[in-house]
Number of protein chains: 4
Amino acid sequence: MKTGFQHLYIPGPTNVPEVVRQAMIVPMQDHRAPDFGDLTLGLFADLKTVFKTRDGTVMMFPGSGTGCWEAAITNTLSPGDKVLMARHGQFSHLWIEMALKLGLDVQVVDLAWGAATPANEFARILGADRDGAIKAVFVTHNETATGVTSDVAAVRRALDESFHDALLFVDGVSSIGSIDFRMDEWGVDLAVTGSQKGFMMPAGLGMIGVSPKAMAASATARMRRAYFDFADMARMNATGYFPYTPPVQLLHGLRRALDRMLDEGLDTVFARHHRLASGVRAAVSAWGLRLCAEHPSIQSDTVSAIRTPEGVDAREVIRIAYDRFNCSLGSGLGPLNGKVFRIGHLGDLNEGMCLTALSIAEMALHAAGADIAFGSGVAAAQAIYAKPPVALGRTAAPARIAAE
Amino acid sequence: MKTGFQHLYIPGPTNVPEVVRQAMIVPMQDHRAPDFGDLTLGLFADLKTVFKTRDGTVMMFPGSGTGCWEAAITNTLSPGDKVLMARHGQFSHLWIEMALKLGLDVQVVDLAWGAATPANEFARILGADRDGAIKAVFVTHNETATGVTSDVAAVRRALDESFHDALLFVDGVSSIGSIDFRMDEWGVDLAVTGSQKGFMMPAGLGMIGVSPKAMAASATARMRRAYFDFADMARMNATGYFPYTPPVQLLHGLRRALDRMLDEGLDTVFARHHRLASGVRAAVSAWGLRLCAEHPSIQSDTVSAIRTPEGVDAREVIRIAYDRFNCSLGSGLGPLNGKVFRIGHLGDLNEGMCLTALSIAEMALHAAGADIAFGSGVAAAQAIYAKPPVALGRTAAPARIAAE
Amino acid sequence: MKTGFQHLYIPGPTNVPEVVRQAMIVPMQDHRAPDFGDLTLGLFADLKTVFKTRDGTVMMFPGSGTGCWEAAITNTLSPGDKVLMARHGQFSHLWIEMALKLGLDVQVVDLAWGAATPANEFARILGADRDGAIKAVFVTHNETATGVTSDVAAVRRALDESFHDALLFVDGVSSIGSIDFRMDEWGVDLAVTGSQKGFMMPAGLGMIGVSPKAMAASATARMRRAYFDFADMARMNATGYFPYTPPVQLLHGLRRALDRMLDEGLDTVFARHHRLASGVRAAVSAWGLRLCAEHPSIQSDTVSAIRTPEGVDAREVIRIAYDRFNCSLGSGLGPLNGKVFRIGHLGDLNEGMCLTALSIAEMALHAAGADIAFGSGVAAAQAIYAKPPVALGRTAAPARIAAE
Amino acid sequence: MKTGFQHLYIPGPTNVPEVVRQAMIVPMQDHRAPDFGDLTLGLFADLKTVFKTRDGTVMMFPGSGTGCWEAAITNTLSPGDKVLMARHGQFSHLWIEMALKLGLDVQVVDLAWGAATPANEFARILGADRDGAIKAVFVTHNETATGVTSDVAAVRRALDESFHDALLFVDGVSSIGSIDFRMDEWGVDLAVTGSQKGFMMPAGLGMIGVSPKAMAASATARMRRAYFDFADMARMNATGYFPYTPPVQLLHGLRRALDRMLDEGLDTVFARHHRLASGVRAAVSAWGLRLCAEHPSIQSDTVSAIRTPEGVDAREVIRIAYDRFNCSLGSGLGPLNGKVFRIGHLGDLNEGMCLTALSIAEMALHAAGADIAFGSGVAAAQAIYAKPPVALGRTAAPARIAAE
């Protein structure tokens with residue numbers, strides 16, 4: 001029999017804050033009531049703030065982020081359209097698979113799992129695409145499987161410098177709300193995320209930001225869609241309603257989650273994720289282990305994918321953490337299975353929680369046969385956490401974010 | 001400021017039982033944990049019991065019942081396929097609209113809103129379809145907009161008697177779990193429902209029953225699908241997992257909801273719905289009003305759509321109930337708007353709840369100008385509710401159900 | 001197996017509003033934390049508003065209202081002190097029993113159960129008590145067992161007109177927060193209530209208002225007390241703390257309950273209780289039944305004790321309501337057992353809820369053998385509820401309250 | 001703004017397990033309903049199992065453990081009775097204060113705060129009390145302020161060896177349910193505890209175990225009591241009811257908490273507490289710090305009171321943990337204020353939680369000026385926690401417990 005907290009350090013679903021949990025404990029209500037918009041209209045407005053878009057539209061679909069991947073494609077592209085995508089982890093891989101299923105002509109750039117979206121390579125390809133055959137470029141902003149953050153702005157520059165008109169799709173499932181994301185500034189046309197990561201909620205809502213250009217494209221795109229149709233959803237959302245029954249309890253939770261994010265201040269949220277992630281990375285170094293994301297410039301502030309030493313099966317680390325210490329760590333996906341375990345460090349998190357994850361990981365690594373000194377990683381993280389965070393004004397962007 | 005319970009008598013979402021609400025107040029957990037199947041595998045098994053299928057597969061998609069409408073179509077049909085559908089209410093209308101959007105060639109039988117699926121007319125059409133051009137026949141088992149229950153078994157007979165091979169699609173959103181539904185016995189190939197009606201949960205899960213024949217059809221069907229793909233879902237479900245993050249809290253709620261349904265006994269659940277609905281119908285008669293569903297044989301046990309008297313705007317009845325008595329009644333949809341208000345009487349319900357809805361409806365009707373004697377409908381319902389329900393063994397089917 | 005809401009119409013615990021339930025779902029916290037007063041200090045201030053005292057102190061004791069009965073006595077009186085009390089229902093009876101147990105010399109005025117505190121008789125006794133032997137006069141503001149509200153102001157006048165110095169004790173368990181109560185204006189020295197009635201919370205907190213005169217008396221009173229000692233509690237409360245672990249979750253609930261009461265406005269709360277109670281009383285009249293409280297001037301706005309007709313056992317009414325209709329009605333206590341059933345109509349309540357209770361009571365009365373026409377009481381109440389409530393400004397007192 | 005879990009490592013209230021939190025989210029119900037005993041009677045039975053009494057009676061009082069201290073005294077003793085008590089921490093001190101307030105003649109044995117109940121000294125005093133003037137002997141089984149566990153069995157032996165008839169009172173507030181406690185075997189007459197420690201609940205219920213001898217004493221004891229009267233409570237409890245409104249939600253929580261304790265097995269619960277406490281003690285040693293409880297034989301398995309190094313204010317450690325790391329540690333009480341901080345390690349706890357507390361304590365100690373190497377205490381605890389716990393049969397008592 002397991003006792004105590006079930007320690008949850010997977011990269012989503014993340015730990016739901018108490019106030020969000022409270023907010024979801026609602027009796028059901030009429031989603032067609034005249035005052036339903038009192039709840040929903042503010043959500044759309046605040047989601048725009050989080051997506052950092054003034055010009056775009058943010059919609060919510062009952063479903064998961066995967067559903068919004070599909071919504072992005074089917075609303076704006078036509079069968080046979082050529083698109084440019086990079087494969088560098090399980091989630092970019094799955095989006096490619098979906099694009100193929102939906103009948104797109106996908107030009108795949110295959111990379112090491114641990115690499116970031118290759119803006120330079122994309123620039124080269126886009127530059128060579130003189131006749132604009134490429135209708136869309138996809139970027140996985142934060143590859144959750146490898147803990148790699150890509151430079152979306154650089155891909156935008158690649159498009160702009162080639163005067164290329166392709167739509168820019170971004171998977172922001174494990175970044176939006178946790179890592180700086182700037183929909184308008186980066187010229188993102190379709191930005192996809194879900195409720196169960198930075199938004200600190202259960203799964204069940206996919207959110208999608210749609211630029212005016214993407215919305216215009218949806219008027220002529222010829223892929224079939226119904227459930228995920230932008231037109232129906234946007235028309236109903238405009239007055240606060242949905243074309244079908246929404247998960248009302250999640251909307252109440254989202255209200256409280258957004259309040260929390262905006263009260264903390266987005267830049268403070270991002271800085272907090274960076275600081276906490278730095279502690280985890282320091283621990284990994286102290287253990288003498290390596291991250292999938294080798295170069296510091298692409299290491300994710302929301303998830304760390306940690307390579308186990310030669311001869312130590314990552315699945316065993318995860319199993320021990322789960323069975324003996326009531327702790328869920330993320331597994332290595334696809335080809336990384338058995339080689340990598342992941343610590344999710346996003347959402348409603350603090351120093352003590354990261355140290356919990358690290359101290360359990362140390363015991364599990366040790367039990368799985370790794371030569372890890374107890375307390376070594378914890379101490380490295382504590383050295384960072386013991387220093388108070390730098391206070392941020394609400395508007396000031398932390399240096400690292402600005403440099404992205 | 002409103003005080004007291006928010007009385008909810010729309011036909012979904014329905015009132016969530018306390019034990020189900022409790023069950024959903026869970027911290028998040030790892031949906032890839034080794035013991036996740038301990039929660040989920042039993043759900044699939046029990047859903048099969050509720051769908052009354054032994055041979056079929058029941059899947060759950062994060063989303064709404066509407067999403068499962070789409071799943072049913074895109075997994076089993078090909079672009080341009082001819083299908084047979086009847087329009088006799090807003091939800092059958094919307095399913096037709098979806099079918100058109102998805103590129104089907106829809107043969108629509110238009111009926112009065114208040115009529116049931118015309119099994120005889122379908123029989124005629126199917127009999128005339130010698131070359132089997134019709135690939136699927138759609139039935140809205142319970143048209144939520146009009147409170148009409150159709151005879152699915154009769155449509156099955158129509159198919160069988162024509163030796164017709166079309167797939168049989170059934171929208172059971174407001175019937176499955178509340179009104180007798182027999183997937184295998186009636187030869188239903190695709191049975192769609194959602195979490196927020198008879199399953200007494202918030203919205204957010206669509207369930208779909210798929211017959212072996214439909215599953216086989218999905219292997220060759222040429223519509224594009226990804227999020228709602230049966231193959232991915234069925235493969236993952238087989239071991240208790242999902243191809244993307246499921247709404248774990250709803251799965252916990254569903255566990256408790258299924259326990260409740262099966263503990264009460266499905267036949268007892270159906271008999272209870274019938275008895276409670278009879279009280280509502282008696283009240284409508286006592287008021288001198290008419291139901292959309294004029295013939296008793298098609299009146300729904302889950303929702304009553306009540307026509308307001310000449311000169312009384314149903315929207316006003318609904319508005320008064322909401323503003324003054326904190327009660328949500330269902331509105332008239334589409335052409336019925338202003339002419340009809342609906343009382344949902346399904347899910348976790350008892351006599352006192354129906355009387356609450358009726359007593360508020362009386363006051364709202366009166367205030368909206370209807371000539372209704374206070375207490376008249378309530379008294380008619382009480383006369384029925386005052387008699388104890390007939391005790392059912394778990395296996396005995398109540399007479400009415402058996403006659404369907 | 002029971003389905004649907006468990007209808008709760010006993011006079012406490014009352015139905016807890018959803019927002020209060022949400023507020024109580026908290027993880028535990030340190031009740032000695034430096035910021036604990038942020039939660040608690042506002043509670044004490046707002047309780048003073050509800051008690052209508054500026055000069056007094058309101059304390060909360062973990063326990064029930066019964067505990068505060070004891071706190072009132074043991075902190076301000078000495079063994080053998082003479083006190084004046086009336087017995088006219090189960091709760092005034094129990095307070096007398098407690099006073100005897102605690103060693104007081106109780107002068108009991110015995111009355112019919114259904115009578116109110118006899119201010120005139122008290123005036124006579126106090127006038128005759130030339131040497132001030134009587135140290136305290138006890139009033140049960142609202143006798144929950146009989147549904148009788150007494151005139152506290154009249155007892156204060158009786159004291160004043162005799163220039164009598166006795167302390168004035170008031171049991172406001174089922175009145176404070178629901179029926180107008182004016183601690184300072186009426187010169188109440190000890191005002192007792194609990195969390196589970198007008199405060200719309202679970203049981204577990206007793207509240208007590210203590211006048212400066214009572215607080216002074218506690219310095220010399222010679223009864224033994226420890227747990228309920230005013231001095232310890234008042235000293236700790238002053239900075240927001242408690243002498244022992246308080247039920248933190250209830251404090252969070254109380255925060256939300258007080259917000260609700262003060263947002264609605266106390267006078268609006270009182271007027272709402274009066275209006276809803278009037279409907280219940282109209283139903284009782286329509287049934288041809290009588291209340292324990294025969295004279296309208298003393299009929300309680302929070303609970304109605306209804307006499308069953310000759311030959312109808314009230315216990316049977318209650319049993320049927322519970323077993324067959326999932327509804328809790330209050331029983332007849334002490335000598336009223338079997339003769340009376342009670343409907344609690346206080347706390348977070350609206351028209352539909354009262355009609356629920358009435359419609360179930362009709363069926364239960366009928367089934368128990370009473371000659372009651374279905375719908376008759378409901379109709380009488382509807383006639384009152386169908387009229388919109390008179391809007392009150394926040395400061396205006398409704399006429400009836402002012403006349404008390 | 002604080003983010004993430006509020007880490008709670010005070011010695012009560014403790015962290016409430018999720019299943020217990022769920023169980024308390026109930027609508028109110030009638031505590032006089034005919035089936036109320038279905039909930040409550042099993043609670044009394046299972047509490048007896050936890051108290052390890054067959055012959056005694058366990059009652060629950062709405063209130064705190066402090067209330068049960070009073071119940072124990074007022075029900076079984078008479079004014080002026082002589083009792084024997086030791087003062088060796090804040091809670092034994094407060095019980096002495098209460099005994100004095102209630103009019104007992106207290107013979108106090110004053111000890112260092114950090115010492116245990118002096119069974120030998122008690123034996124000497126009892127042996128000298130030839131005429132049986134001492135009516136009761138009080139033992140604080142686990143002194144929460146100092147983290148000291150006393151040997152109750154030794155005090156029983158002291159009584160027996162003197163053929164002394166005094167009642168044996170035990171404060172088990174922070175032991176019962178976490179540390180082995182044997183009411184019958186140790187001849188305890190009055191055993192007091194509360195809901196917010198080993199029972200893993202919010203505060204609000206005091207539990208008291210009463211031996212037949214104590215129950216007999218209550219028939220003649222002459223102290224005044226009413227709220228805490230055994231006779232009223234025992235009579236009502238016998239059929240599952242209470243003399244006044246109980247906190248129903250806590251009773252539901254207790255049901256689930258008891259299920260959890262008995263499912264885990266009491267001996268496993270005790271062994272778990274011992275193992276987790278050993279890790280904390282190893283950390284304290286690794287830091288080079290000392291516990292209040294110097295001798296290992298008296299170190300508590302539920303709370304550790306840790307002396308800060310010379311020059312380091314324990315209040316500062318606590319403040320930093322709270323302000324910067326969102327963690328509540330226990331403060332030094334009375335004369336220990338500023339010299340001691342406490343880590344509560346009881347209730348629903350696991351390895352990761354202890355490591356969380358330790359890793360935060362390290363950072364807070366460091367920031368407060370202590371010369372503590374990051375990770376040092378964590379590593380010492382990990383070395384213990386990395387070893388799997390010894391599996392226990394349900395009936396086998398672990399060695400240490402047996403030796404007590």
# chains A, B, ... in the order shown; residues from 1 in each chain; ligands from 1
>>> select_by_dssp(residues="segment 91-271 of chain A", states="helix (DSSP H, G or I)", output="VMD selection string")
chain A and resid 91 to 101 119 to 128 152 to 161 212 to 220 230 to 237 248 to 264 266 to 271
>>> residues_around(residues="Glu362 of chain C", least_positions_apart="2", cutoff="8 Å", atoms="only C-alpha atoms", output="VMD selection string")
chain C and resid 358 to 360 364 to 366 372 to 375 377
>>> write_last_selection(atoms="all heavy atoms", output="PDB file, in the first residue's frame")
ATOM      1  N   LEU C 358     -42.145  20.910   0.134  1.00  0.00           N
ATOM      2  CA  LEU C 358     -43.600  20.852   0.274  1.00  0.00           C
ATOM      3  C   LEU C 358     -44.199  19.741  -0.576  1.00  0.00           C
ATOM      4  O   LEU C 358     -45.109  19.026  -0.141  1.00  0.00           O
ATOM      5  CB  LEU C 358     -44.217  22.203  -0.111  1.00  0.00           C
ATOM      6  CG  LEU C 358     -43.872  23.366   0.834  1.00  0.00           C
ATOM      7  CD1 LEU C 358     -44.378  24.681   0.275  1.00  0.00           C
ATOM      8  CD2 LEU C 358     -44.457  23.104   2.229  1.00  0.00           C
ATOM      9  N   SER C 359     -43.696  19.583  -1.795  1.00  0.00           N
ATOM     10  CA  SER C 359     -44.303  18.572  -2.663  1.00  0.00           C
ATOM     11  C   SER C 359     -44.010  17.175  -2.139  1.00  0.00           C
ATOM     12  O   SER C 359     -44.854  16.276  -2.236  1.00  0.00           O
ATOM     13  CB  SER C 359     -43.831  18.748  -4.112  1.00  0.00           C
ATOM     14  OG  SER C 359     -42.445  18.601  -4.209  1.00  0.00           O
ATOM     15  N   ILE C 360     -42.845  16.985  -1.549  1.00  0.00           N
ATOM     16  CA  ILE C 360     -42.550  15.682  -0.951  1.00  0.00           C
ATOM     17  C   ILE C 360     -43.378  15.486   0.320  1.00  0.00           C
ATOM     18  O   ILE C 360     -43.925  14.406   0.566  1.00  0.00           O
ATOM     19  CB  ILE C 360     -41.041  15.541  -0.672  1.00  0.00           C
ATOM     20  CG1 ILE C 360     -40.268  15.481  -1.998  1.00  0.00           C
ATOM     21  CG2 ILE C 360     -40.761  14.296   0.169  1.00  0.00           C
ATOM     22  CD1 ILE C 360     -38.763  15.476  -1.865  1.00  0.00           C
ATOM     23  N   ALA C 364     -45.804  12.400   1.309  1.00  0.00           N
ATOM     24  CA  ALA C 364     -45.556  11.614   2.513  1.00  0.00           C
ATOM     25  C   ALA C 364     -46.757  11.686   3.453  1.00  0.00           C
ATOM     26  O   ALA C 364     -47.150  10.678   4.068  1.00  0.00           O
ATOM     27  CB  ALA C 364     -44.289  12.103   3.211  1.00  0.00           C
ATOM     28  N   LEU C 365     -47.339  12.849   3.582  1.00  0.00           N
ATOM     29  CA  LEU C 365     -48.551  12.975   4.407  1.00  0.00           C
ATOM     30  C   LEU C 365     -49.649  12.074   3.853  1.00  0.00           C
ATOM     31  O   LEU C 365     -50.323  11.344   4.595  1.00  0.00           O
ATOM     32  CB  LEU C 365     -49.033  14.434   4.413  1.00  0.00           C
ATOM     33  CG  LEU C 365     -48.327  15.390   5.384  1.00  0.00           C
ATOM     34  CD1 LEU C 365     -48.542  16.838   4.991  1.00  0.00           C
ATOM     35  CD2 LEU C 365     -48.835  15.152   6.821  1.00  0.00           C
ATOM     36  N   HIS C 366     -49.829  12.147   2.566  1.00  0.00           N
ATOM     37  CA  HIS C 366     -50.847  11.339   1.908  1.00  0.00           C
ATOM     38  C   HIS C 366     -50.609   9.852   2.169  1.00  0.00           C
ATOM     39  O   HIS C 366     -51.520   9.107   2.564  1.00  0.00           O
ATOM     40  CB  HIS C 366     -50.819  11.639   0.404  1.00  0.00           C
ATOM     41  CG  HIS C 366     -51.821  10.873  -0.390  1.00  0.00           C
ATOM     42  ND1 HIS C 366     -51.535   9.660  -0.971  1.00  0.00           N
ATOM     43  CD2 HIS C 366     -53.103  11.129  -0.692  1.00  0.00           C
ATOM     44  CE1 HIS C 366     -52.596   9.209  -1.593  1.00  0.00           C
ATOM     45  NE2 HIS C 366     -53.572  10.086  -1.457  1.00  0.00           N
ATOM     46  N   ILE C 372     -54.908  14.872   2.312  1.00  0.00           N
ATOM     47  CA  ILE C 372     -54.251  16.051   1.745  1.00  0.00           C
ATOM     48  C   ILE C 372     -54.417  15.993   0.233  1.00  0.00           C
ATOM     49  O   ILE C 372     -54.133  14.962  -0.372  1.00  0.00           O
ATOM     50  CB  ILE C 372     -52.732  15.999   2.056  1.00  0.00           C
ATOM     51  CG1 ILE C 372     -52.465  16.053   3.559  1.00  0.00           C
ATOM     52  CG2 ILE C 372     -51.969  17.083   1.321  1.00  0.00           C
ATOM     53  CD1 ILE C 372     -52.622  17.417   4.171  1.00  0.00           C
ATOM     54  N   ALA C 373     -54.877  17.063  -0.352  1.00  0.00           N
ATOM     55  CA  ALA C 373     -54.983  17.073  -1.815  1.00  0.00           C
ATOM     56  C   ALA C 373     -53.623  17.362  -2.423  1.00  0.00           C
ATOM     57  O   ALA C 373     -52.974  18.345  -2.056  1.00  0.00           O
ATOM     58  CB  ALA C 373     -55.992  18.128  -2.260  1.00  0.00           C
ATOM     59  N   PHE C 374     -53.204  16.511  -3.330  1.00  0.00           N
ATOM     60  CA  PHE C 374     -51.919  16.741  -4.002  1.00  0.00           C
ATOM     61  C   PHE C 374     -51.885  18.146  -4.593  1.00  0.00           C
ATOM     62  O   PHE C 374     -52.868  18.611  -5.186  1.00  0.00           O
ATOM     63  CB  PHE C 374     -51.707  15.732  -5.135  1.00  0.00           C
ATOM     64  CG  PHE C 374     -51.384  14.347  -4.661  1.00  0.00           C
ATOM     65  CD1 PHE C 374     -51.932  13.237  -5.302  1.00  0.00           C
ATOM     66  CD2 PHE C 374     -50.522  14.130  -3.597  1.00  0.00           C
ATOM     67  CE1 PHE C 374     -51.629  11.946  -4.881  1.00  0.00           C
ATOM     68  CE2 PHE C 374     -50.216  12.833  -3.168  1.00  0.00           C
ATOM     69  CZ  PHE C 374     -50.781  11.738  -3.813  1.00  0.00           C
ATOM     70  N   GLY C 375     -50.781  18.790  -4.433  1.00  0.00           N
ATOM     71  CA  GLY C 375     -50.592  20.101  -5.059  1.00  0.00           C
ATOM     72  C   GLY C 375     -51.203  21.257  -4.293  1.00  0.00           C
ATOM     73  O   GLY C 375     -50.946  22.423  -4.621  1.00  0.00           O
ATOM     74  N   GLY C 377     -50.845  22.415  -1.124  1.00  0.00           N
ATOM     75  CA  GLY C 377     -49.894  23.262  -0.402  1.00  0.00           C
ATOM     76  C   GLY C 377     -48.911  23.918  -1.353  1.00  0.00           C
ATOM     77  O   GLY C 377     -48.567  25.095  -1.204  1.00  0.00           O
TER      78      GLY C 377
END
>>> atom_distance(atom1="atom CA of Leu8 of chain D", atom2="atom CA of Asn337 of chain D")
19.3 Å
>>> interface_residues(of="chain C", to="chain D", cutoff="8 Å", atoms="only C-alpha atoms", output="JSON, numbers by chain")
{"C": [6, 8, 10, 13, 14, 15, 16, 21, 25, 27, 28, 29, 30, 33, 61, 62, 63, 64, 66, 67, 70, 98, 101, 102, 103, 202, 203, 204, 224, 225, 226, 227, 244, 245, 246, 247, 248, 249, 328]}
>>> closest_residue(among="A:Gly279, A:Leu289, A:Trp95, A:Met85", to="Lys387 of chain A", atoms="only C-alpha atoms")
A:Gly279
>>> residues_around(residues="Gln107 of chain B", least_positions_apart="3", cutoff="8 Å", atoms="only C-alpha atoms", output="list of chain:residue names")
B:Lys82, B:Val83, B:Leu84, B:Met85
>>> write_last_selection(atoms="all heavy atoms", output="mmCIF file, in the first residue's frame")
data_model
loop_
_atom_site.group_PDB
_atom_site.id
_atom_site.type_symbol
_atom_site.label_atom_id
_atom_site.label_comp_id
_atom_site.auth_asym_id
_atom_site.auth_seq_id
_atom_site.Cartn_x
_atom_site.Cartn_y
_atom_site.Cartn_z
ATOM 1 N N LYS B 82 -22.836 7.448 -50.162
ATOM 2 C CA LYS B 82 -24.230 7.819 -49.972
ATOM 3 C C LYS B 82 -24.727 7.289 -48.631
ATOM 4 O O LYS B 82 -24.454 6.130 -48.286
ATOM 5 C CB LYS B 82 -25.077 7.241 -51.089
ATOM 6 C CG LYS B 82 -26.529 7.695 -51.041
ATOM 7 C CD LYS B 82 -27.272 7.292 -52.306
ATOM 8 C CE LYS B 82 -28.722 7.758 -52.244
ATOM 9 N NZ LYS B 82 -29.454 7.336 -53.468
ATOM 10 N N VAL B 83 -25.439 8.146 -47.883
ATOM 11 C CA VAL B 83 -25.986 7.722 -46.595
ATOM 12 C C VAL B 83 -27.426 8.194 -46.483
ATOM 13 O O VAL B 83 -27.831 9.151 -47.149
ATOM 14 C CB VAL B 83 -25.160 8.266 -45.402
ATOM 15 C CG1 VAL B 83 -23.715 7.777 -45.475
ATOM 16 C CG2 VAL B 83 -25.201 9.784 -45.355
ATOM 17 N N LEU B 84 -28.185 7.523 -45.633
ATOM 18 C CA LEU B 84 -29.604 7.823 -45.448
ATOM 19 C C LEU B 84 -29.835 8.395 -44.055
ATOM 20 O O LEU B 84 -29.467 7.777 -43.053
ATOM 21 C CB LEU B 84 -30.417 6.538 -45.629
ATOM 22 C CG LEU B 84 -31.933 6.629 -45.396
ATOM 23 C CD1 LEU B 84 -32.589 7.609 -46.365
ATOM 24 C CD2 LEU B 84 -32.551 5.234 -45.533
ATOM 25 N N MET B 85 -30.412 9.574 -43.993
ATOM 26 C CA MET B 85 -30.619 10.228 -42.700
ATOM 27 C C MET B 85 -31.988 10.906 -42.683
ATOM 28 O O MET B 85 -32.465 11.373 -43.713
ATOM 29 C CB MET B 85 -29.529 11.283 -42.461
ATOM 30 C CG MET B 85 -28.109 10.737 -42.516
ATOM 31 S SD MET B 85 -26.788 11.992 -42.281
ATOM 32 C CE MET B 85 -26.732 12.144 -40.512
#
>>> residues_around(residues="Phe122 of chain D", least_positions_apart="2", cutoff="8 Å", atoms="only C-alpha atoms", output="PyMOL selection string")
chain D and resi 84+118-120+124-126+155+158
>>> residues_around(residues="Leu111 of chain A", least_positions_apart="4", cutoff="8 Å", atoms="only C-alpha atoms", output="NGL selection string")
:A and (86-88 or 115)
>>> residues_around(residues="Cys354 of chain C", least_positions_apart="2", cutoff="9 Å", atoms="only C-alpha atoms", output="ChimeraX atom specification")
/B:356 /C:9,276-277,279-280,343,345,349-352,356-359,378,381
>>> select_by_dssp(residues="segment 293-363 of chain B", states="strand (DSSP E)", output="ChimeraX atom specification")
/B:303-307,327-331,340-344
>>> write_last_selection(atoms="N, CA and C atoms", output="short mmCIF file (atom, residue, chain, number, x, y, z; two decimals), in the first residue's frame")
data_model
loop_
_atom_site.label_atom_id
_atom_site.label_comp_id
_atom_site.auth_asym_id
_atom_site.auth_seq_id
_atom_site.Cartn_x
_atom_site.Cartn_y
_atom_site.Cartn_z
N VAL B 303 -36.22 13.41 -21.91
CA VAL B 303 -36.44 14.85 -22.08
C VAL B 303 -37.84 15.06 -22.64
N SER B 304 -38.51 16.09 -22.11
CA SER B 304 -39.81 16.47 -22.64
C SER B 304 -39.71 17.86 -23.25
N ALA B 305 -40.10 17.97 -24.51
CA ALA B 305 -40.15 19.27 -25.17
C ALA B 305 -41.60 19.72 -25.18
N ILE B 306 -41.85 20.81 -24.47
CA ILE B 306 -43.23 21.21 -24.18
C ILE B 306 -43.57 22.47 -24.97
N ARG B 307 -44.64 22.41 -25.72
CA ARG B 307 -45.08 23.58 -26.50
C ARG B 307 -45.80 24.55 -25.58
N CYS B 327 -33.33 28.48 -12.07
CA CYS B 327 -33.58 27.17 -12.66
C CYS B 327 -33.31 27.21 -14.16
N SER B 328 -32.50 26.28 -14.62
CA SER B 328 -32.22 26.19 -16.05
C SER B 328 -33.14 25.17 -16.70
N LEU B 329 -33.95 25.64 -17.63
CA LEU B 329 -34.75 24.75 -18.46
C LEU B 329 -34.14 24.78 -19.85
N GLY B 330 -34.41 23.77 -20.64
CA GLY B 330 -33.85 23.72 -22.00
C GLY B 330 -34.67 24.58 -22.95
N SER B 331 -33.98 25.16 -23.91
CA SER B 331 -34.68 26.05 -24.84
C SER B 331 -35.10 25.28 -26.09
N VAL B 340 -41.08 26.26 -27.72
CA VAL B 340 -40.90 25.06 -26.92
C VAL B 340 -39.94 25.35 -25.77
N PHE B 341 -40.24 24.81 -24.61
CA PHE B 341 -39.19 24.72 -23.59
C PHE B 341 -39.07 23.25 -23.22
N ARG B 342 -37.89 22.89 -22.74
CA ARG B 342 -37.63 21.48 -22.48
C ARG B 342 -37.27 21.24 -21.01
N ILE B 343 -37.76 20.15 -20.50
CA ILE B 343 -37.35 19.68 -19.18
C ILE B 343 -36.54 18.41 -19.39
N GLY B 344 -35.30 18.46 -18.96
CA GLY B 344 -34.47 17.26 -18.99
C GLY B 344 -34.76 16.44 -17.76
#
>>> residues_around(residues="Val170 of chain B", least_positions_apart="5", cutoff="8 Å", atoms="only C-alpha atoms", output="JSON, numbers by chain")
{"B": [138, 139, 140, 141, 152, 188, 189, 190, 191, 192]}
